[in-house]
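Undergrad: Below is the file data01.cif, with mmCIF, C-alpha atoms.
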```
data_model
loop_
_atom_site.label_atom_id
_atom_site.label_comp_id
_atom_site.auth_asym_id
_atom_site.auth_seq_id
_atom_site.Cartn_x
_atom_site.Cartn_y
_atom_site.Cartn_z
CA MET G 1 -58.34 -3.24 -4.25
CA ARG G 2 -55.90 -5.55 -6.02
CA SER G 3 -55.33 -5.88 -9.71
CA THR G 4 -53.53 -8.51 -11.70
CA ALA G 5 -50.93 -8.18 -14.38
CA SER G 6 -48.93 -10.66 -16.36
CA CYS G 7 -45.18 -10.35 -16.70
CA ARG G 8 -44.64 -11.03 -20.41
CA PRO G 9 -40.98 -12.16 -20.21
CA CYS G 10 -41.61 -14.81 -17.57
CA ALA G 11 -45.40 -15.31 -17.93
CA ARG G 12 -45.86 -14.98 -14.16
CA LEU G 13 -49.20 -13.68 -12.91
CA LEU G 14 -48.56 -10.81 -10.54
CA TYR G 15 -50.91 -9.43 -7.89
CA ARG G 16 -50.46 -5.86 -6.76
CA PRO G 17 -52.41 -3.10 -5.09
CA ALA G 18 -54.14 -0.83 -7.58
CA THR G 19 -52.19 2.19 -6.34
CA ALA G 20 -48.73 0.57 -6.26
CA ARG G 21 -46.57 -0.70 -9.06
CA SER G 22 -44.76 -3.98 -8.80
CA ILE G 23 -41.02 -3.66 -9.32
CA HIS G 24 -41.16 -6.81 -11.42
CA VAL G 25 -43.83 -5.35 -13.69
CA VAL G 26 -41.93 -2.07 -14.01
CA ALA G 27 -38.74 -3.98 -14.85
CA SER G 28 -40.52 -6.05 -17.49
CA MET G 29 -41.96 -2.91 -19.09
CA ARG G 30 -38.56 -1.25 -19.11
CA PHE G 31 -36.78 -4.30 -20.52
CA PRO G 32 -39.35 -5.96 -22.79
CA LEU G 33 -36.96 -7.53 -25.30
CA THR G 34 -34.52 -10.13 -23.98
CA SER G 35 -32.41 -10.94 -21.00
CA THR G 36 -29.43 -9.73 -23.05
CA ALA G 37 -31.00 -6.27 -23.41
CA ARG G 38 -31.73 -6.24 -19.66
CA THR G 39 -28.15 -7.30 -18.84
CA GLN G 40 -26.70 -4.66 -21.18
CA SER G 41 -28.70 -1.99 -19.41
CA TYR G 42 -27.52 -3.18 -15.98
CA GLN G 43 -23.90 -3.22 -17.13
CA GLN G 44 -24.21 0.22 -18.74
CA ALA G 45 -25.60 1.60 -15.48
CA ALA G 46 -22.55 0.19 -13.69
CA GLY G 47 -20.18 2.03 -16.03
CA PHE G 48 -19.48 -0.61 -18.65
CA ARG G 49 -19.28 0.57 -22.25
CA SER G 50 -22.32 0.51 -24.48
CA ALA G 51 -22.70 -2.40 -26.89
CA ALA G 52 -24.10 0.10 -29.39
CA ALA G 53 -20.69 1.79 -29.64
CA LEU G 54 -18.15 0.43 -32.09
CA ALA G 55 -17.80 -3.20 -31.08
CA LYS G 56 -14.30 -4.42 -30.36
CA GLU G 57 -13.16 -8.00 -30.63
CA VAL G 58 -12.47 -9.57 -27.23
CA SER G 59 -10.54 -12.84 -26.81
CA VAL G 60 -11.13 -15.15 -23.85
CA THR G 61 -10.26 -18.74 -22.97
CA PHE G 62 -12.85 -21.30 -21.85
CA ILE G 63 -11.48 -24.09 -19.66
CA GLU G 64 -13.73 -27.12 -20.04
CA SER G 65 -14.32 -29.60 -17.22
CA ASP G 66 -11.78 -32.03 -18.75
CA GLY G 67 -9.06 -29.33 -18.74
CA ASN G 68 -9.31 -28.67 -22.50
CA GLU G 69 -8.76 -24.97 -23.27
CA VAL G 70 -10.74 -23.32 -26.07
CA GLN G 71 -9.76 -19.88 -27.35
CA ALA G 72 -12.77 -17.79 -28.34
CA THR G 73 -13.10 -14.32 -29.83
CA GLY G 74 -16.33 -12.36 -29.89
CA GLU G 75 -17.64 -8.86 -30.29
CA GLU G 76 -18.03 -6.61 -27.30
CA GLY G 77 -21.60 -6.99 -25.98
CA THR G 78 -21.90 -10.72 -26.79
CA ASN G 79 -22.82 -12.79 -23.77
CA LEU G 80 -20.54 -15.65 -22.67
CA MET G 81 -23.14 -18.32 -23.41
CA GLU G 82 -23.52 -17.22 -27.05
CA LEU G 83 -19.74 -16.98 -27.41
CA ALA G 84 -19.36 -20.52 -26.07
CA HIS G 85 -21.98 -21.86 -28.48
CA GLU G 86 -20.31 -20.11 -31.45
CA ASN G 87 -17.04 -21.84 -30.53
CA ASP G 88 -18.44 -25.33 -29.77
CA VAL G 89 -17.75 -25.12 -26.03
CA ASP G 90 -19.83 -27.52 -23.90
CA LEU G 91 -21.89 -24.83 -22.18
CA GLU G 92 -25.52 -25.80 -22.46
CA GLY G 93 -27.87 -22.83 -21.95
CA ALA G 94 -31.10 -24.86 -21.87
CA CYS G 95 -33.29 -21.74 -21.53
CA GLU G 96 -31.50 -20.00 -24.43
CA GLY G 97 -30.44 -17.02 -22.33
CA ALA G 98 -33.72 -16.25 -20.57
CA CYS G 99 -32.13 -16.55 -17.10
CA ALA G 100 -34.47 -19.45 -16.30
CA CYS G 101 -31.94 -22.25 -15.64
CA SER G 102 -28.40 -22.72 -14.37
CA THR G 103 -26.92 -24.73 -17.24
CA CYS G 104 -24.73 -21.86 -18.49
CA HIS G 105 -23.00 -21.55 -15.11
CA VAL G 106 -19.40 -20.30 -15.44
CA ILE G 107 -16.65 -19.54 -12.93
CA LEU G 108 -14.85 -16.23 -13.50
CA ASP G 109 -11.53 -14.74 -12.43
CA ASP G 110 -11.74 -12.74 -9.20
CA LYS G 111 -10.80 -9.44 -10.86
CA ILE G 112 -13.42 -9.68 -13.61
CA PHE G 113 -16.07 -10.92 -11.18
CA ASP G 114 -15.45 -7.92 -8.91
CA ASP G 115 -15.74 -5.49 -11.85
CA LEU G 116 -19.13 -6.82 -13.01
CA PRO G 117 -22.41 -5.38 -11.76
CA GLU G 118 -24.11 -7.35 -9.02
CA PRO G 119 -26.21 -10.26 -10.29
CA THR G 120 -29.95 -9.68 -10.39
CA ASP G 121 -32.25 -11.51 -7.97
CA GLU G 122 -33.36 -13.75 -10.85
CA GLU G 123 -29.76 -14.70 -11.61
CA ASN G 124 -29.02 -15.39 -7.94
CA ASP G 125 -32.11 -17.62 -7.75
CA MET G 126 -30.86 -19.66 -10.71
CA LEU G 127 -27.29 -19.78 -9.38
CA ASP G 128 -28.66 -21.39 -6.22
CA LEU G 129 -29.51 -24.40 -8.42
CA ALA G 130 -26.08 -24.57 -10.09
CA PHE G 131 -23.76 -27.54 -9.63
CA GLY G 132 -20.35 -26.63 -8.15
CA LEU G 133 -21.25 -23.08 -7.14
CA THR G 134 -18.28 -20.88 -6.15
CA ASP G 135 -17.82 -17.32 -4.88
CA THR G 136 -17.13 -16.14 -8.45
CA SER G 137 -19.93 -18.05 -10.22
CA ARG G 138 -22.17 -16.29 -12.73
CA LEU G 139 -24.57 -17.35 -15.47
CA GLY G 140 -22.91 -17.05 -18.87
CA CYS G 141 -26.09 -15.65 -20.43
CA GLN G 142 -25.94 -12.67 -18.05
CA VAL G 143 -22.28 -11.67 -18.55
CA LEU G 144 -21.49 -9.50 -21.57
CA LEU G 145 -18.03 -9.22 -23.11
CA THR G 146 -16.22 -5.96 -22.45
CA PRO G 147 -12.72 -4.86 -23.50
CA GLU G 148 -11.66 -5.24 -19.85
CA MET G 149 -12.21 -9.00 -20.21
CA GLU G 150 -9.47 -9.40 -22.85
CA GLY G 151 -7.48 -12.55 -22.03
CA MET G 152 -9.89 -13.69 -19.31
CA ARG G 153 -9.99 -17.37 -18.41
CA ILE G 154 -13.48 -18.78 -17.87
CA LYS G 155 -13.74 -22.11 -16.09
CA LEU G 156 -16.69 -24.43 -16.66
CA PRO G 157 -17.95 -26.53 -13.73
CA SER G 158 -17.40 -30.29 -13.77
CA ALA G 159 -21.13 -30.91 -14.44
CA THR G 160 -24.49 -29.22 -14.87
CA ARG G 161 -27.84 -30.55 -13.82
CA ASN G 162 -29.06 -31.18 -17.38
CA PHE G 163 -25.80 -32.81 -18.57
CA TYR G 164 -25.70 -34.89 -15.41
CA VAL G 165 -29.24 -36.20 -15.93
CA ASP G 166 -29.55 -36.78 -19.65
CA GLY G 167 -26.09 -36.42 -21.22
CA ALA G 168 -27.37 -33.82 -23.71
CA LYS G 169 -24.83 -31.64 -25.49
CA PRO G 170 -25.62 -28.25 -27.02
CA ALA G 171 -25.83 -28.04 -30.80
CA HIS G 172 -24.45 -25.01 -32.61
CA HIS G 173 -27.25 -23.31 -34.62
#
```
Could you render the structure as structure tokens?

TA:
Amino acid sequence: MRSTASCRPCARLLYRPATARSIHVVASMRFPLTSTARTQSYQQAAGFRSAAALAKEVSVTFIESDGNEVQATGEEGTNLMELAHENDVDLEGACEGACACSTCHVILDDKIFDDLPEPTDEENDMLDLAFGLTDTSRLGCQVLLTPEMEGMRIKLPSATRNFYVDGAKPAHH
């Protein structure tokens, strides 16, 4: 006998046997708040420091597609997309951090990329849609600042699908 359940974060209807639990449903129950909360939990499991601890300021440099460098400082635990928005960097984030698009695609240094936890299946699915994908590409909404990232240089791709189509630019809230 099969039962149905709805995944609240992504509003997907899931079918599963009555005796088995869907990993997706279990994950949505465990991480019901936001993609940021889910990402923090993944990074904590991989040995990164807790965002609940005393937050340290972390400085990074965004390199925009035109070569312009923007210095940005944010609290430990802030994701790269939010940090970019706070500093008027042209990093879109059309889904507002829900890991449902690829417009916050960033290219990281090899060392930092290797130190991060593996991307989730959802993030990999969205990265497949990203323009200019590289071996060290990640979604900015899924990468949280850690003290180890101090001084990191984050490169933005030359285009994103939304910018390329409609020329929209993110507005700082």

Undergrad: Neighbours of Met126 of chain G within 12 Å (all atoms listed in the file; same-chain residues fewer than 5 positions away dropped), as a PyMOL selection string?

TA: chain G and resi 95+97-105+119-121+131+133+137-142+161

Undergrad: Tell me which of G:Leu80, G:Ala55, G:Ile154, G:Val60 sits closest to Leu108 of chain G, counting all atoms listed in the file.

TA: G:Ile154

Undergrad: Can you give me, as JSON, numbers by chain, the residues this file yields under the PyMOL selection byres ((chain G and resi 61) around 7)?

TA: {"G": [60, 62, 63, 69, 70, 71, 72, 151, 152, 153, 154]}

Undergrad: Which of these residues is nearest to Glu86 of chain G, using all atoms listed in the file: G:Lys155, G:Gly74, G:Pro147, G:Asn68?

TA: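 Of G:Lys155, G:Gly74, G:Pro147, G:Asn68, the one nearest Glu86 of chain G, counting all atoms listed in the file, is G:Gly74.
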
Undergrad: Using all atoms listed in the file, which of G:Ala159, G:Val106, G:Glu148, G:Pro117 sits nearest Asp135 of chain G?

TA: G:Val106

Undergrad: Record the distance separating atom CA of Val89 of chain G and atom CA of Glu75 of chain G, expressed in Å with one decimal.

TA: 16.8 Å

Undergrad: Between atom CA of Ile112 of chain G and atom CA of Leu83 of chain G, what is the distance, to one decimal in Å?

TA: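 Atom CA of Leu83 of chain G lies 16.8 Å from atom CA of Ile112 of chain G.
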
Undergrad: Please report the interatomic distance between atom CA of His85 of chain G and atom CA of Ser59 of chain G in Å with one decimal.

TA: 14.7 Å

Undergrad: Once you add 4 Å to each side, what are the centre and edge lengths of the axis-aligned box holding all listed atoms of segment 116-135 of chain G? One decimal in Å, as lines of an AutoDock Vina configuration file, if you can.

TA:
```
center_x = -25.6
center_y = -16.5
center_z = -8.9
size_x = 23.5
size_y = 30.2
size_z = 16.1
```

Undergrad: Any chance you could work out the residue set of the PyMOL selection byres ((chain G and resi 158) around 9) here, as a compact mmCIF listing (two decimals) with C-alpha atoms, keeping the file's coordinate frame?

TA:
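part.txt, written as the output of this step:
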```txt
# COMPACT_ATOMS: atom_id res chain seq x y z
CA GLU G 64 -13.73 -27.12 -20.04
CA SER G 65 -14.32 -29.60 -17.22
CA ASP G 66 -11.78 -32.03 -18.75
CA PHE G 131 -23.76 -27.54 -9.63
CA GLY G 132 -20.35 -26.63 -8.15
CA LEU G 156 -16.69 -24.43 -16.66
CA PRO G 157 -17.95 -26.53 -13.73
CA ALA G 159 -21.13 -30.91 -14.44
CA THR G 160 -24.49 -29.22 -14.87
```

Undergrad: Of the residues G:Thr73, G:Asn79, G:Thr134, G:Asn87, which is the one nearest to Glu150 of chain G, using only C-alpha atoms?

TA: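 Result for the nearest residue to Glu150 of chain G: G:Thr73.
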